[in-house]
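Asks: To be precise about what I am sending: the file is called protein-v7.txt and holds compact mmCIF, C-alpha atoms and all ligand atoms.
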# COMPACT_ATOMS: atom_id res chain seq x y z
CA MET A 877 28.25 106.80 106.52
CA LEU A 878 30.08 103.48 106.19
CA LYS A 879 31.31 104.48 102.77
CA ARG A 880 32.66 107.80 104.07
CA LYS A 881 34.42 106.03 106.91
CA GLY A 882 36.02 103.57 104.39
CA LEU A 883 37.34 106.42 102.28
CA HIS A 884 38.67 108.14 105.36
CA GLU A 885 40.49 104.95 106.49
CA ARG A 886 41.97 104.42 103.03
CA GLY A 887 43.27 108.00 102.97
CA LYS A 888 44.81 107.53 106.39
CA SER A 889 46.61 104.32 105.39
CA ARG A 890 47.98 105.98 102.25
CA ILE A 891 49.41 108.81 104.32
CA ILE A 892 50.95 106.31 106.77
CA THR A 893 52.51 104.33 103.86
CA LEU A 894 53.92 107.55 102.39
CA LEU A 895 55.36 108.59 105.77
CA CYS A 896 56.93 105.13 106.18
CA LEU A 897 58.57 105.35 102.73
CA ILE A 898 59.96 108.81 103.52
CA ALA A 899 61.28 107.54 106.87
CA ILE A 900 62.97 104.51 105.26
CA GLY A 901 64.47 106.65 102.50
CA SER A 902 65.88 109.26 104.82
CA GLY A 903 66.99 106.49 107.21
CA VAL A 904 69.16 104.96 104.49
CA ALA A 905 70.59 108.37 103.59
CA VAL A 906 71.29 109.21 107.24
CA GLN A 907 72.88 105.77 107.75
CA ARG A 908 75.21 106.40 104.78
CA ASP A 909 76.22 109.75 106.22
CA ILE A 910 76.77 108.31 109.70
CA ILE A 911 78.98 105.49 108.34
CA SER A 912 80.97 107.98 106.24
CA LEU A 913 81.32 110.57 108.99
CA THR A 914 82.27 108.24 111.81
CA GLY A 915 84.92 106.57 109.66
CA LEU A 916 83.68 103.14 110.78
CA VAL A 917 84.43 101.91 107.29
CA PRO A 918 87.06 103.58 105.04
CA ALA A 919 85.41 105.43 102.14
CA TYR A 920 86.96 103.15 99.47
CA GLN A 921 85.25 100.12 101.07
CA LEU A 922 81.77 101.60 100.79
CA PRO A 923 79.77 100.16 97.90
CA TRP A 924 78.60 103.57 96.66
CA THR A 925 82.04 105.22 96.36
CA PRO A 926 84.11 104.99 93.13
CA LEU A 927 86.81 102.34 92.70
CA VAL A 928 90.30 103.63 93.57
CA LEU A 929 93.64 102.21 92.42
CA ASP A 930 95.56 103.04 95.58
CA GLN A 931 93.92 100.28 97.60
CA PRO A 932 94.25 96.55 96.89
CA LEU A 933 91.08 94.76 95.80
CA GLY A 934 88.96 93.56 98.71
CA VAL A 935 85.57 91.93 98.28
CA VAL A 936 83.71 95.23 97.78
CA ALA A 937 86.29 96.60 95.31
CA ARG A 938 86.23 93.34 93.32
CA TRP A 939 82.47 93.68 93.10
CA LYS A 940 82.86 97.25 91.83
CA LEU A 941 85.46 96.06 89.31
CA SER A 942 83.16 93.29 88.07
CA ARG A 943 80.38 95.84 87.49
CA LEU A 944 82.51 98.10 85.26
CA SER A 945 81.66 96.09 82.12
CA ARG A 946 78.08 97.36 82.56
CA GLN A 947 79.12 100.87 83.62
CA PRO A 948 81.06 102.30 80.64
CA GLU A 949 81.07 105.86 82.00
CA ALA A 950 82.45 104.86 85.41
CA CYS A 951 85.04 102.64 83.72
CA ARG A 952 86.11 105.44 81.39
CA ASP A 953 86.35 107.90 84.30
CA PHE A 954 88.57 105.48 86.22
CA LEU A 955 91.03 105.09 83.31
CA LEU A 956 91.23 108.80 82.62
CA ARG A 957 91.78 109.49 86.32
CA GLU A 958 94.33 106.75 87.03
CA ALA A 959 96.12 106.02 83.75
CA SER A 960 95.78 108.92 81.31
CA SER A 961 99.46 108.68 80.33
CA ARG A 962 99.13 105.01 79.35
CA VAL A 963 95.81 104.68 77.55
CA THR A 964 94.08 106.28 74.57
CA ALA A 965 90.38 105.82 73.78
CA LEU A 966 89.68 104.14 70.43
CA PRO A 967 86.55 104.64 68.29
CA ASP A 968 83.87 101.93 68.65
CA ARG A 969 83.94 99.23 65.99
CA THR A 970 80.69 97.72 64.80
CA ALA A 971 80.34 93.99 64.95
CA THR A 972 82.01 91.99 62.24
CA ASN A 973 81.56 88.26 62.83
CA GLY A 974 80.17 89.04 66.29
CA CYS A 975 83.33 90.75 67.58
CA GLN A 976 82.11 94.21 68.52
CA LEU A 977 84.58 96.55 70.23
CA VAL A 978 82.96 99.16 72.47
CA ASN A 979 84.68 101.38 75.05
CA HIS A 980 88.07 99.94 74.21
CA TRP A 981 91.49 101.49 74.55
CA ARG A 982 95.02 101.38 73.24
CA VAL A 983 97.46 100.62 76.04
CA ALA A 984 100.81 102.13 75.07
CA ALA A 985 104.00 100.05 75.11
CA VAL A 986 105.73 102.83 77.04
CA ALA A 987 103.82 105.19 79.30
CA ASP A 988 104.13 108.88 78.68
CA ASP A 989 106.24 110.07 81.63
CA ASN A 990 104.17 113.20 82.11
CA GLY A 991 101.72 111.09 84.03
CA GLY A 992 102.47 111.75 87.69
CA ASN A 993 101.99 108.52 89.64
CA GLU A 994 102.25 106.48 86.44
CA ILE A 995 105.94 107.28 85.82
CA ALA A 996 107.12 103.92 87.10
CA ALA A 997 104.67 102.01 84.88
CA VAL A 998 105.87 98.76 83.36
CA ARG A 999 106.76 98.65 79.63
CA PHE A 1000 105.20 96.19 77.19
CA ASN A 1001 106.88 94.53 74.20
CA ASN A 1002 104.03 95.92 72.11
CA ALA A 1003 101.07 98.23 72.59
CA PHE A 1004 97.75 96.37 72.77
CA ILE A 1005 94.00 96.88 72.51
CA ALA A 1006 92.10 96.45 75.78
CA SER A 1007 88.46 96.62 76.74
CA CYS A 1008 88.01 99.14 79.52
CA PRO A 1009 87.62 96.43 82.23
CA LEU A 1010 90.78 94.68 80.97
CA ALA A 1011 92.82 97.89 81.21
CA VAL A 1012 91.47 98.53 84.74
CA SER A 1013 92.15 94.95 85.87
CA TRP A 1014 95.70 95.22 84.52
CA LEU A 1015 96.35 98.39 86.53
CA PHE A 1016 95.30 96.68 89.76
CA PHE A 1017 97.37 93.60 88.95
CA GLU A 1018 100.47 95.62 88.13
CA ARG A 1019 100.23 97.81 91.24
CA HIS A 1020 99.13 95.28 93.84
CA GLY A 1021 100.19 91.93 92.35
CA LEU A 1022 103.02 92.02 89.83
CA GLN A 1023 105.42 94.50 91.41
CA PRO A 1024 105.01 93.46 95.07
CA THR A 1025 105.42 89.79 94.06
CA ALA A 1026 108.58 90.59 92.07
CA GLN A 1027 110.01 92.44 95.08
CA THR A 1028 109.17 89.56 97.42
CA PHE A 1029 110.50 86.72 95.27
CA LEU A 1030 113.25 88.39 93.26
CA GLY A 1031 114.10 91.56 95.19
CA GLN A 1032 113.56 93.87 92.22
CA ARG A 1033 111.00 95.43 89.92
CA VAL A 1034 109.62 94.06 86.68
CA THR A 1035 110.46 96.61 83.97
CA GLN A 1036 108.86 94.92 80.96
CA VAL A 1037 106.02 92.50 80.31
CA ASP A 1038 106.13 90.40 77.12
CA HIS A 1039 102.66 89.52 75.86
CA LEU A 1040 101.31 87.54 72.91
CA GLY A 1041 98.30 89.74 72.24
CA SER A 1042 94.85 90.65 73.49
CA TYR A 1043 92.41 91.06 70.61
CA ALA A 1044 91.58 88.28 68.15
CA CYS A 1045 88.14 87.77 66.62
CA ARG A 1046 87.84 84.05 67.21
CA ASN A 1047 86.17 81.32 69.24
CA ILE A 1048 87.84 79.54 72.17
CA TYR A 1049 90.87 77.63 70.83
CA GLY A 1050 89.74 78.66 67.33
CA ARG A 1051 87.11 75.88 67.31
CA GLU A 1052 84.19 76.30 64.96
CA ASN A 1053 81.44 75.31 67.38
CA ALA A 1054 82.81 76.84 70.57
CA ARG A 1055 81.68 80.13 72.11
CA ARG A 1056 83.49 83.38 71.47
CA SER A 1057 86.80 83.78 73.27
CA GLU A 1058 87.42 86.63 75.72
CA HIS A 1059 89.94 87.77 73.10
CA ALA A 1060 87.10 88.44 70.63
CA THR A 1061 86.18 91.53 72.66
CA ALA A 1062 89.71 92.39 73.88
CA ASP A 1063 88.74 91.21 77.37
CA ALA A 1064 91.92 89.14 77.86
CA LEU A 1065 95.69 89.52 77.58
CA ASP A 1066 98.10 86.58 77.09
CA VAL A 1067 101.32 87.17 79.05
CA ALA A 1068 104.38 85.10 78.16
CA GLY A 1069 107.18 86.55 80.28
CA PHE A 1070 108.78 89.29 82.32
CA ARG A 1071 112.03 91.29 82.21
CA LEU A 1072 113.59 92.48 85.44
CA ALA A 1073 115.37 95.70 86.34
CA GLU A 1074 118.76 93.92 86.32
CA GLY A 1075 118.08 92.60 82.79
CA ARG A 1076 117.12 88.97 83.53
CA GLN A 1077 114.21 87.48 81.53
CA ILE A 1078 111.71 85.03 82.95
CA ASN A 1079 109.49 83.13 80.53
CA LEU A 1080 106.69 80.69 81.19
CA LEU A 1081 107.92 78.24 78.56
CA ALA A 1082 111.44 78.04 80.01
CA ASP A 1083 110.87 78.65 83.73
CA TRP A 1084 107.46 77.30 84.75
CA ALA A 1085 108.78 73.77 85.19
CA ASN A 1086 111.55 74.92 87.57
CA GLU A 1087 109.31 74.81 90.63
CA ASP A 1088 112.19 74.91 93.10
CA ASP A 1089 113.98 77.89 91.54
CA ALA A 1090 113.20 81.51 92.36
CA GLU A 1091 111.90 81.94 88.79
CA GLY A 1092 109.44 79.06 89.04
CA ARG A 1093 108.22 80.16 92.47
CA PHE A 1094 107.85 83.71 91.18
CA LEU A 1095 105.70 82.57 88.25
CA ARG A 1096 103.42 80.53 90.51
CA ALA A 1097 103.03 83.46 92.88
CA ILE A 1098 102.31 85.75 89.92
CA GLN A 1099 99.48 83.47 88.82
CA GLN A 1100 97.93 83.57 92.29
CA ALA A 1101 98.32 87.36 92.41
CA ALA A 1102 96.67 87.70 88.98
CA CYS A 1103 93.68 85.76 90.28
CA GLN A 1104 92.99 88.67 92.65
CA SER A 1105 92.49 91.13 89.77
CA PHE A 1106 91.18 89.03 86.86
CA GLY A 1107 88.01 86.96 86.60
CA THR A 1108 89.67 84.14 84.65
CA VAL A 1109 93.34 83.17 84.89
CA LEU A 1110 94.63 80.11 83.02
CA GLY A 1111 98.26 78.94 83.06
CA PRO A 1112 100.52 76.04 82.06
CA ASP A 1113 98.92 73.65 84.57
CA TYR A 1114 95.53 74.12 82.91
CA ASN A 1115 96.35 72.61 79.53
CA ALA A 1116 98.97 72.38 76.80
CA ALA A 1117 97.50 75.37 74.96
CA HIS A 1118 98.64 77.54 77.89
CA ARG A 1119 102.11 76.05 78.35
CA ASP A 1120 103.79 79.31 77.31
CA HIS A 1121 101.49 82.00 78.72
CA PHE A 1122 99.02 83.15 81.34
CA HIS A 1123 95.59 83.96 79.96
CA LEU A 1124 94.39 86.95 82.00
CA GLY A 1125 90.68 87.57 81.31
CA THR A 1126 88.05 89.80 82.86
CA ARG A 1127 84.99 87.54 82.60
CA GLY A 1128 84.12 84.87 85.16
CA TRP A 1129 84.59 85.04 88.90
CA ARG A 1130 87.78 83.68 90.42
CA VAL A 1131 88.46 81.05 87.77
CA CYS A 1132 92.10 80.34 88.63
CA ARG A 1133 93.67 77.25 87.05
ZN ZN A 1201 94.22 83.95 76.06
Mind turning the file's structure into structure tokens?
Ligand SMILES: [Zn+2]

Replies:
Amino acid sequence: MLKRKGLHERGKSRIITLLCLIAIGSGVAVQRDIISLTGLVPAYQLPWTPLVLDQPLGVVARWKLSRLSRQPEACRDFLLREASSRVTALPDRTATNGCQLVNHWRVAAVADDNGGNEIAAVRFNNAFIASCPLAVSWLFFERHGLQPTAQTFLGQRVTQVDHLGSYACRNIYGRENARRSEHATADALDVAGFRLAEGRQINLLADWANEDDAEGRFLRAIQQAACQSFGTVLGPDYNAAHRDHFHLGTRGWRVCR
């Protein structure tokens, strides 16, 4: 009798647990729908919606961006949706000396002008190889950092970015015992200068020291803007190795020196 009662109680508690799990599950789903439908939070700020380029990076979008290195499909989808006229997928390269390239892209020097909203894209002095997260981070920086900062400080657009390269299979500073650089996986771009619509050139080597000039103020503002889109940003104030460029890397979280 006691045994039968025990079995009965156990069965009842299992059913209650199951009902609770169903209730919690549907509660979460309903909550998602309510938040979406009522417009309490814009869709792009919800953690479960895809990253969109139109909106500047808030905390949630930065979190989504940081996850793209572990979500190759989502990263690929973003690039094909937002920058198909500027990027071409490259075949994976197996590791040689520990520098494996997976889900990496060629960013063209000049965007193909069939690309709709990408027509006004900046030019580069050379095409470069970029990991998917680097290409995505660059797009956010260009749209929400570089061009608005140029308009604010110089009253015009940047038309060309001069860089020193992105991919190099090496350790940090080329040291034998250091860890692999972000450049070893094309996760960083070194930017040396900018050319403006009116033709002027601004270079880190020549203009960083001119703190009181528009050029020097522009470069400092650019570094701060880059810190919104990249995980690691190093400039001339960091050390002598960076006196002529900004290192814009995707790893790290708000390293901005
Ligand atoms: Zn670098």

Asks: Using all atoms listed in the file, what residues lie at most 10 Å away from (107.4, 90.4, 89.4) (file coordinates), given as a PyMOL selection string?

Replies: chain A and resi 1018+1021-1037+1069-1072+1078+1091+1094-1095+1097-1098

Asks: Give me the chain A side of the contact with ligand ZN 1201 (chain A), cut-off 12 Å, one line per residue showing its nearest atom pair and distance in Å at one decimal, counting all atoms listed in the file, sorted by chain and residue number, as a Markdown table.

Replies:
| residue | atom | partner | partner_atom | distance |
| --- | --- | --- | --- | --- |
| A:His1039 | CA | A:ZN1201 | ZN | 10.1 |
| A:Leu1040 | CA | A:ZN1201 | ZN | 8.5 |
| A:Gly1041 | CA | A:ZN1201 | ZN | 8.0 |
| A:Ser1042 | CA | A:ZN1201 | ZN | 7.2 |
| A:Tyr1043 | CA | A:ZN1201 | ZN | 9.1 |
| A:Ala1044 | CA | A:ZN1201 | ZN | 9.4 |
| A:Cys1045 | CA | A:ZN1201 | ZN | 11.9 |
| A:Arg1046 | CA | A:ZN1201 | ZN | 10.9 |
| A:Asn1047 | CA | A:ZN1201 | ZN | 10.9 |
| A:Ile1048 | CA | A:ZN1201 | ZN | 8.7 |
| A:Tyr1049 | CA | A:ZN1201 | ZN | 8.9 |
| A:Gly1050 | CA | A:ZN1201 | ZN | 11.1 |
| A:Arg1056 | CA | A:ZN1201 | ZN | 11.7 |
| A:Ser1057 | CA | A:ZN1201 | ZN | 7.9 |
| A:Glu1058 | CA | A:ZN1201 | ZN | 7.3 |
| A:His1059 | CA | A:ZN1201 | ZN | 6.5 |
| A:Ala1060 | CA | A:ZN1201 | ZN | 10.0 |
| A:Thr1061 | CA | A:ZN1201 | ZN | 11.6 |
| A:Ala1062 | CA | A:ZN1201 | ZN | 9.8 |
| A:Asp1063 | CA | A:ZN1201 | ZN | 9.2 |
| A:Ala1064 | CA | A:ZN1201 | ZN | 6.0 |
| A:Leu1065 | CA | A:ZN1201 | ZN | 6.0 |
| A:Asp1066 | CA | A:ZN1201 | ZN | 4.8 |
| A:Val1067 | CA | A:ZN1201 | ZN | 8.3 |
| A:Ala1068 | CA | A:ZN1201 | ZN | 10.4 |
| A:Thr1108 | CA | A:ZN1201 | ZN | 9.7 |
| A:Val1109 | CA | A:ZN1201 | ZN | 8.9 |
| A:Leu1110 | CA | A:ZN1201 | ZN | 8.0 |
| A:Gly1111 | CA | A:ZN1201 | ZN | 9.5 |
| A:Pro1112 | CA | A:ZN1201 | ZN | 11.8 |
| A:Ala1117 | CA | A:ZN1201 | ZN | 9.3 |
| A:His1118 | CA | A:ZN1201 | ZN | 8.0 |
| A:Arg1119 | CA | A:ZN1201 | ZN | 11.4 |
| A:Asp1120 | CA | A:ZN1201 | ZN | 10.7 |
| A:His1121 | CA | A:ZN1201 | ZN | 8.0 |
| A:Phe1122 | CA | A:ZN1201 | ZN | 7.2 |
| A:His1123 | CA | A:ZN1201 | ZN | 4.1 |
| A:Leu1124 | CA | A:ZN1201 | ZN | 6.7 |
| A:Gly1125 | CA | A:ZN1201 | ZN | 7.3 |
| A:Thr1126 | CA | A:ZN1201 | ZN | 10.9 |
| A:Arg1127 | CA | A:ZN1201 | ZN | 11.9 |

Asks: Please indicate the distance in Å from atom CA of Ala984 of chain A to atom CA of Asn1002 of chain A, rounded to one decimal place.

Replies: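 That distance, rounded to one decimal, is 7.6 Å.
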
Asks: So which one's closest to Phe1000 of chain A, A:Ala1102, A:Val983, A:Ala950, A:Val1012? Using all atoms listed in the file, please.

Replies: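 Closest candidate: A:Val983.
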
Asks: So how far away is atom CA of Ser1007 of chain A from atom CA of Leu966 of chain A, in Å?

Replies: 9.9 Å

Asks: With the cut-off set at 7 Å and counting all atoms listed in the file, tabulate each residue of segment 1001-1073 of chain A with an atom at most that distance from an atom of segment 922-945 of chain A, showing the nearest atom pair and its distance in Å to one decimal, ordered by chain and increasing number, as a tab-separated table.

Replies:
residue	atom	partner	partner_atom	distance
A:Pro1009	CA	A:Ser945	CA	6.0
A:Phe1016	CA	A:Leu929	CA	6.4
A:His1020	CA	A:Pro932	CA	5.9

Asks: Got time to write the residues from that selection, C-alpha atoms, as an mmCIF file, in the coordinates of the input?

Replies:
data_model
loop_
_atom_site.group_PDB
_atom_site.id
_atom_site.type_symbol
_atom_site.label_atom_id
_atom_site.label_comp_id
_atom_site.auth_asym_id
_atom_site.auth_seq_id
_atom_site.Cartn_x
_atom_site.Cartn_y
_atom_site.Cartn_z
ATOM 1 C CA PRO A 1009 87.620 96.430 82.230
ATOM 2 C CA PHE A 1016 95.300 96.680 89.760
ATOM 3 C CA HIS A 1020 99.130 95.280 93.840
#

Asks: Quick one: residues within 7 Å of Cys1008 of chain A, all atoms listed in the file counted, chain neighbours fewer than 4 positions away excluded, as a list of chain:residue names?

Replies: A:Cys951, A:Arg952, A:Asn979, A:His980, A:Trp981, A:Val1012

Asks: Which centre and which edge lengths, in Å to one decimal, describe the axis-aligned box that holds all listed atoms of segment 964-980 of chain A after 4 Å is added on each side, as JSON?

Replies:
{"center_x": 87.1, "center_y": 97.3, "center_z": 68.6, "size_x": 21.9, "size_y": 26.0, "size_z": 20.8}

Asks: How many Å separate atom CA of Asp1083 of chain A from atom CA of Ser1013 of chain A?

Replies: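 Computed distance, atom CA of Asp1083 of chain A to atom CA of Ser1013 of chain A, equals 24.9 Å.
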
Asks: For Leu1015 of chain A, which residue among A:Cys975, A:Ala985, A:Leu1080, A:Ala997 is the nearest when counting only C-alpha atoms?

Replies: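 Among the listed residues, A:Ala997 lies closest to Leu1015 of chain A.
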
Asks: Using all atoms listed in the file, which of the listed residues (A:Asp1038, A:Asp1113, A:Val998, A:Asn1086) sits closest to Ala1073 of chain A?

Replies: A:Val998

Asks: From the options A:Val978, A:Tyr1114, A:Asp1089, A:Asp988, which residue's atoms come nearest to Arg946 of chain A, counting only C-alpha atoms?

Replies: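 That would be A:Val978, the residue with the smallest distance to Arg946 of chain A.
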